[in-house]
Amino acid sequence: MARSSVSLRLYVAIAVLAVLPGLGGWWAWKGWGPLQQDATVLVRKGTSINQMADQLEREGVIRSASLFRLWARARKLQLIRGEYTFTSQASLSDVAGKLRRAEIHYTFVSIPEGAHAWAVQRRLKDFVPEEVFWTLWKSPRLAKTAGFGQAESLEGLVAPLTYKLHHAMEPEEVMLMLVEAFRNQVRPKLEGGVLPPYTTLILASLVEKETSLAEEQPRVAGVYRKRLALGMRLQCDPTSLYARWLTGDLRFTAPLVEDIRRIHRFNTYAVAGLPPTPIAIPSASALEAAKAPQVGKDLYFVATGKGGHTFSPTLGDHNRNVAVYRREIIRQRKAARG
């Protein structure tokens with residue numbers, strides 16, 4: 001009996017020893033990983049398997065770079081550049097699987113209609129460093145890609161869309177995505193208007209910043225078109241603000257007297273004609289209005305204070321409408337205080 005018991009224990013020990021390596025391998029592959037909290041890893045362009053393995057181990061995502069290398073080479077892993085997120089205690093199997101399936105984590109960034117350069121920069125700040133942004137904003141190559149090589153900046157040359165971005169993208173790649181979307185989706189819509197395409201884009205941007213009401217936009221465009229034909233200054237308030245921002249004064253408030261009087265090539269109170277570039281991203285309705293302005297007798301318009309505008313053909317009528325607007329603003333302020 002004693003010999004049988006010893007033999008049994010020996011067999012059990014041998015069996016356990018035979019199984020342990022397999023269990024150890026299974027645990028190394030499927031067991032909890034070392035991550036204490038969710039983490040993000042960037043796979044940059046040109047990253048090799050060895051570099052990736054070392055990076056994952058260094059950042060505490062996996063325990064063994066060597067085991068990852070063995071798996072990656074056995075599976076002939078093709079690393080896809082991108083941003084990958086891993087949950088806490090993700091196993092080596094989980095990490096490897098995400099990379100093999102290229103489960104890239106994207107951030108959705110919306111660039112809205114009416115956005116100007118400074119608004120676009122703020123929305124892209126996590127993907128394009130500020131100094132790099134302003135350099136690329138004046139890139140002739142990117143302007144040419146958008147379809148307007150003569151443009152001095154990318155103002156207005158960005159499509160108002162929601163973009164899928166990740167942090168492994170290069171800044172220039174991000175900006176290229178924006179102007180390619182403009183070239184493909186907006187540039188064709190500028191053809192066939194009464195003005196050349198880039199001039200249409202500039203006019204549309206003024207219309208966009210003056211009113212967001214689609215039913216008013218052709219009429220606003222008509223006022224500006226008529227003023228251009230008569231040689232009158234456009235006196236567009238948003239251009240005086242744009243001139244302010246270009247001087248480095250980034251107060252985003254209503255125009256002040258000093259803004260209207262500022263001598264600047266973008267301020268249409270100070271200079272004749274359209275500004276040199278658009279001043280924002282126009283909407284589709286503003287583009288259509290600029291292509292076919294509703295030209296009539298009107299030469300003036302002013303806000304009503306209630307969301308729309310009042311149009312007039314003469315300066316006298318316009319001054320009376322301005323007085324009505326001012327009384328409405330005073331009334332609203334008193335009502336707010338009361």
# chains A, B, ... in the order shown; residues from 1 in each chain; ligands from 1
>>> closest_atom_pairs(of="segment 293-338 of chain A", to="segment 210-229 of chain A", cutoff="10 Å", atoms="only C-alpha atoms", output="JSON lines")
{"residue": "A:Pro293", "atom": "CA", "partner": "A:Gly222", "partner_atom": "CA", "distance": 4.4}
{"residue": "A:Gln294", "atom": "CA", "partner": "A:Gly222", "partner_atom": "CA", "distance": 4.5}
{"residue": "A:Val295", "atom": "CA", "partner": "A:Gly222", "partner_atom": "CA", "distance": 4.1}
{"residue": "A:Gly296", "atom": "CA", "partner": "A:Gly222", "partner_atom": "CA", "distance": 6.9}
{"residue": "A:Lys297", "atom": "CA", "partner": "A:Val223", "partner_atom": "CA", "distance": 8.3}
{"residue": "A:Asp298", "atom": "CA", "partner": "A:Val223", "partner_atom": "CA", "distance": 6.0}
{"residue": "A:Leu299", "atom": "CA", "partner": "A:Val223", "partner_atom": "CA", "distance": 5.1}
{"residue": "A:Tyr300", "atom": "CA", "partner": "A:Val223", "partner_atom": "CA", "distance": 6.7}
{"residue": "A:Phe301", "atom": "CA", "partner": "A:Val220", "partner_atom": "CA", "distance": 7.8}
{"residue": "A:Val302", "atom": "CA", "partner": "A:Glu210", "partner_atom": "CA", "distance": 9.7}
{"residue": "A:Ala303", "atom": "CA", "partner": "A:Thr211", "partner_atom": "CA", "distance": 9.1}
{"residue": "A:Gly307", "atom": "CA", "partner": "A:Leu213", "partner_atom": "CA", "distance": 8.5}
{"residue": "A:Gly308", "atom": "CA", "partner": "A:Leu213", "partner_atom": "CA", "distance": 7.4}
{"residue": "A:His309", "atom": "CA", "partner": "A:Glu216", "partner_atom": "CA", "distance": 7.8}
{"residue": "A:Thr310", "atom": "CA", "partner": "A:Glu216", "partner_atom": "CA", "distance": 9.8}
{"residue": "A:Phe311", "atom": "CA", "partner": "A:Arg219", "partner_atom": "CA", "distance": 8.5}
{"residue": "A:Ser312", "atom": "CA", "partner": "A:Val223", "partner_atom": "CA", "distance": 9.6}
{"residue": "A:Pro313", "atom": "CA", "partner": "A:Val223", "partner_atom": "CA", "distance": 9.3}
>>> residues_around(residues="segment 188-204 of chain A", least_positions_apart="6", cutoff="7 Å", atoms="only C-alpha atoms", output="list in words")
Thr277, Pro278, Pro282, Ala286, Leu287, Ala290, Lys291 and Ala292 of chain A
>>> closest_residue(among="A:Ser205, A:Ser110, A:Thr135, A:Thr268", to="Leu157 of chain A", atoms="only C-alpha atoms")
A:Ser205
>>> atom_distance(atom1="atom CA of Thr314 of chain A", atom2="atom CA of Cys236 of chain A")
17.0 Å
>>> select_by_dssp(residues="segment 71-300 of chain A", states="alpha helix (DSSP H)", output="compact mmCIF listing (two decimals) with C-alpha atoms, in the first residue's frame")
# COMPACT_ATOMS: atom_id res chain seq x y z
CA TRP A 71 3.16 36.12 -31.51
CA ALA A 72 3.48 39.04 -33.94
CA ARG A 73 6.01 37.23 -36.09
CA ALA A 74 4.05 33.99 -36.04
CA LEU A 92 -1.85 40.15 -23.95
CA SER A 93 -4.44 38.40 -26.13
CA ASP A 94 -6.72 41.45 -25.95
CA VAL A 95 -3.89 43.84 -26.82
CA ALA A 96 -2.67 41.72 -29.70
CA GLY A 97 -6.19 41.24 -31.02
CA LYS A 98 -6.91 44.97 -31.12
CA LEU A 99 -3.74 45.63 -33.04
CA ARG A 100 -4.39 42.76 -35.47
CA ARG A 101 -7.94 43.98 -36.14
CA ALA A 117 -9.76 80.54 -38.59
CA TRP A 118 -9.60 81.00 -34.82
CA ALA A 119 -12.62 78.74 -34.25
CA VAL A 120 -11.13 76.04 -36.49
CA GLN A 121 -7.81 76.30 -34.62
CA ARG A 122 -9.52 75.81 -31.25
CA ARG A 123 -11.38 72.74 -32.47
CA GLU A 130 -1.14 76.10 -32.49
CA GLU A 131 2.08 77.33 -34.11
CA VAL A 132 1.95 74.53 -36.67
CA PHE A 133 -1.69 75.32 -37.40
CA TRP A 134 -0.97 78.94 -38.31
CA THR A 135 1.94 77.92 -40.50
CA LEU A 136 -0.18 75.38 -42.37
CA TRP A 137 -3.07 77.85 -42.55
CA PRO A 140 0.20 77.70 -50.72
CA ARG A 141 0.33 73.95 -51.34
CA LEU A 142 -2.74 73.29 -49.22
CA ALA A 143 -4.58 76.22 -50.81
CA LYS A 144 -3.78 74.76 -54.22
CA THR A 145 -5.08 71.38 -53.07
CA ALA A 146 -8.34 73.05 -52.08
CA PRO A 171 -0.76 67.81 -38.32
CA GLU A 172 -0.38 68.38 -42.06
CA GLU A 173 -2.39 65.23 -42.70
CA VAL A 174 -5.23 66.62 -40.60
CA MET A 175 -5.23 69.92 -42.48
CA LEU A 176 -5.02 68.08 -45.80
CA MET A 177 -8.15 66.13 -44.89
CA LEU A 178 -10.05 69.40 -44.36
CA VAL A 179 -9.06 71.00 -47.66
CA GLU A 180 -9.55 67.79 -49.66
CA ALA A 181 -13.09 67.61 -48.32
CA PHE A 182 -13.59 71.22 -49.46
CA ARG A 183 -12.19 70.45 -52.93
CA ASN A 184 -14.46 67.44 -53.35
CA GLN A 185 -17.67 68.69 -51.76
CA PRO A 197 -15.69 81.02 -57.93
CA TYR A 198 -13.29 82.49 -55.36
CA THR A 199 -15.10 85.85 -55.40
CA THR A 200 -18.35 83.95 -54.88
CA LEU A 201 -16.80 82.21 -51.87
CA ILE A 202 -15.71 85.55 -50.37
CA LEU A 203 -19.15 87.08 -50.86
CA ALA A 204 -20.83 83.98 -49.43
CA SER A 205 -18.72 84.25 -46.28
CA LEU A 206 -19.89 87.83 -45.71
CA VAL A 207 -23.49 86.78 -46.25
CA GLU A 208 -23.05 83.88 -43.81
CA LYS A 209 -21.73 86.14 -41.05
CA GLU A 210 -24.43 88.77 -41.62
CA GLN A 217 -29.30 85.52 -47.60
CA PRO A 218 -30.07 86.15 -51.32
CA ARG A 219 -31.27 89.63 -50.40
CA VAL A 220 -28.14 90.40 -48.36
CA ALA A 221 -26.02 89.14 -51.23
CA GLY A 222 -28.04 91.40 -53.55
CA VAL A 223 -27.29 94.48 -51.45
CA TYR A 224 -23.56 93.75 -51.55
CA ARG A 225 -23.66 92.92 -55.25
CA LYS A 226 -25.37 96.23 -56.00
CA ARG A 227 -22.93 98.16 -53.82
CA LEU A 228 -20.01 96.55 -55.64
CA ALA A 229 -21.51 97.58 -58.97
CA LEU A 230 -21.98 101.18 -57.77
CA ASP A 237 -19.63 94.71 -39.71
CA PRO A 238 -18.15 91.16 -39.64
CA THR A 239 -15.21 92.33 -41.79
CA SER A 240 -14.35 95.00 -39.21
CA LEU A 241 -14.24 92.29 -36.57
CA TYR A 242 -12.08 90.08 -38.78
CA ALA A 243 -9.66 92.97 -39.21
CA ARG A 244 -9.55 93.33 -35.41
CA TRP A 245 -8.63 89.68 -34.94
CA LEU A 246 -5.91 89.89 -37.58
CA VAL A 257 -16.33 102.36 -33.19
CA GLU A 258 -12.58 101.76 -33.25
CA ASP A 259 -13.13 98.61 -35.31
CA ILE A 260 -15.24 100.39 -37.90
CA ARG A 261 -12.68 103.20 -38.18
CA ALA A 284 -24.61 75.83 -48.60
CA SER A 285 -27.46 78.37 -48.57
CA ALA A 286 -25.01 81.29 -48.38
CA LEU A 287 -23.11 79.86 -51.36
CA GLU A 288 -26.30 79.66 -53.38
CA ALA A 289 -27.18 83.22 -52.41
CA ALA A 290 -23.75 84.47 -53.51
CA LYS A 291 -24.06 82.63 -56.82
>>> residues_around(residues="segment 49-66 of chain A", least_positions_apart="6", cutoff="10 Å", atoms="only C-alpha atoms", output="number ranges by chain")
A: 28-29, 32-43, 72-73, 76-79, 86-93, 95-96
>>> select_by_dssp(residues="segment 79-197 of chain A", states="strand (DSSP E)", output="ChimeraX atom specification")
/A:82-86,107-110,162-165
>>> write_last_selection(atoms="N, CA and C atoms", output="compact mmCIF listing (two decimals), in the first residue's frame")
# COMPACT_ATOMS: atom_id res chain seq x y z
N GLY A 82 -2.19 54.29 -35.94
CA GLY A 82 -3.42 54.78 -35.33
C GLY A 82 -3.30 54.94 -33.83
N GLU A 83 -4.43 55.24 -33.24
CA GLU A 83 -4.54 55.44 -31.79
C GLU A 83 -5.35 54.28 -31.22
N TYR A 84 -4.78 53.58 -30.26
CA TYR A 84 -5.43 52.39 -29.70
C TYR A 84 -5.64 52.58 -28.21
N THR A 85 -6.82 52.22 -27.74
CA THR A 85 -7.13 52.31 -26.32
C THR A 85 -7.26 50.92 -25.73
N PHE A 86 -6.69 50.73 -24.54
CA PHE A 86 -6.73 49.44 -23.86
C PHE A 86 -7.29 49.63 -22.46
N THR A 107 -11.55 60.25 -32.74
CA THR A 107 -12.25 61.37 -32.12
C THR A 107 -12.99 62.10 -33.23
N PHE A 108 -14.25 62.39 -33.00
CA PHE A 108 -15.05 63.09 -34.01
C PHE A 108 -15.00 64.59 -33.72
N VAL A 109 -14.50 65.34 -34.68
CA VAL A 109 -14.36 66.79 -34.54
C VAL A 109 -15.22 67.47 -35.60
N SER A 110 -16.15 68.29 -35.16
CA SER A 110 -17.05 68.99 -36.08
C SER A 110 -16.55 70.40 -36.36
N THR A 162 -18.06 66.81 -40.06
CA THR A 162 -17.52 66.13 -38.89
C THR A 162 -16.43 65.19 -39.37
N TYR A 163 -15.24 65.34 -38.80
CA TYR A 163 -14.06 64.60 -39.25
C TYR A 163 -13.66 63.55 -38.21
N LYS A 164 -13.22 62.38 -38.72
CA LYS A 164 -12.71 61.30 -37.86
C LYS A 164 -11.19 61.45 -37.75
N LEU A 165 -10.72 61.79 -36.57
CA LEU A 165 -9.30 62.03 -36.38
C LEU A 165 -8.75 61.12 -35.29
>>> atom_distance(atom1="atom CA of Tyr325 of chain A", atom2="atom CA of Gln235 of chain A")
17.6 Å
>>> residues_around(residues="segment 150-153 of chain A", least_positions_apart="2", cutoff="6 Å", atoms="only C-alpha atoms", output="list in words")
Trp137, Lys138, Phe148 and Glu155 of chain A
>>> write_last_selection(atoms="N, CA and C atoms", output="PDB file, in the first residue's frame")
ATOM      1  N   TRP A 137      -1.928  77.043 -42.120  1.00  0.00           N
ATOM      2  CA  TRP A 137      -3.073  77.849 -42.552  1.00  0.00           C
ATOM      3  C   TRP A 137      -2.704  78.751 -43.733  1.00  0.00           C
ATOM      4  N   LYS A 138      -1.422  79.079 -43.833  1.00  0.00           N
ATOM      5  CA  LYS A 138      -0.958  79.944 -44.924  1.00  0.00           C
ATOM      6  C   LYS A 138      -0.167  79.167 -45.971  1.00  0.00           C
ATOM      7  N   PHE A 148      -7.787  76.581 -54.938  1.00  0.00           N
ATOM      8  CA  PHE A 148      -7.561  78.012 -55.105  1.00  0.00           C
ATOM      9  C   PHE A 148      -6.123  78.349 -54.741  1.00  0.00           C
ATOM     10  N   GLU A 155      -8.660  80.263 -45.098  1.00  0.00           N
ATOM     11  CA  GLU A 155      -9.950  80.764 -44.635  1.00  0.00           C
ATOM     12  C   GLU A 155     -11.012  80.496 -45.697  1.00  0.00           C
TER      13      GLU A 155
END
>>> atom_distance(atom1="atom CA of Asn267 of chain A", atom2="atom CA of Lys306 of chain A")
26.1 Å
>>> closest_residue(among="A:Ala254, A:Gly31, A:Gly273, A:Val324", to="Met232 of chain A", atoms="only C-alpha atoms")
A:Gly273
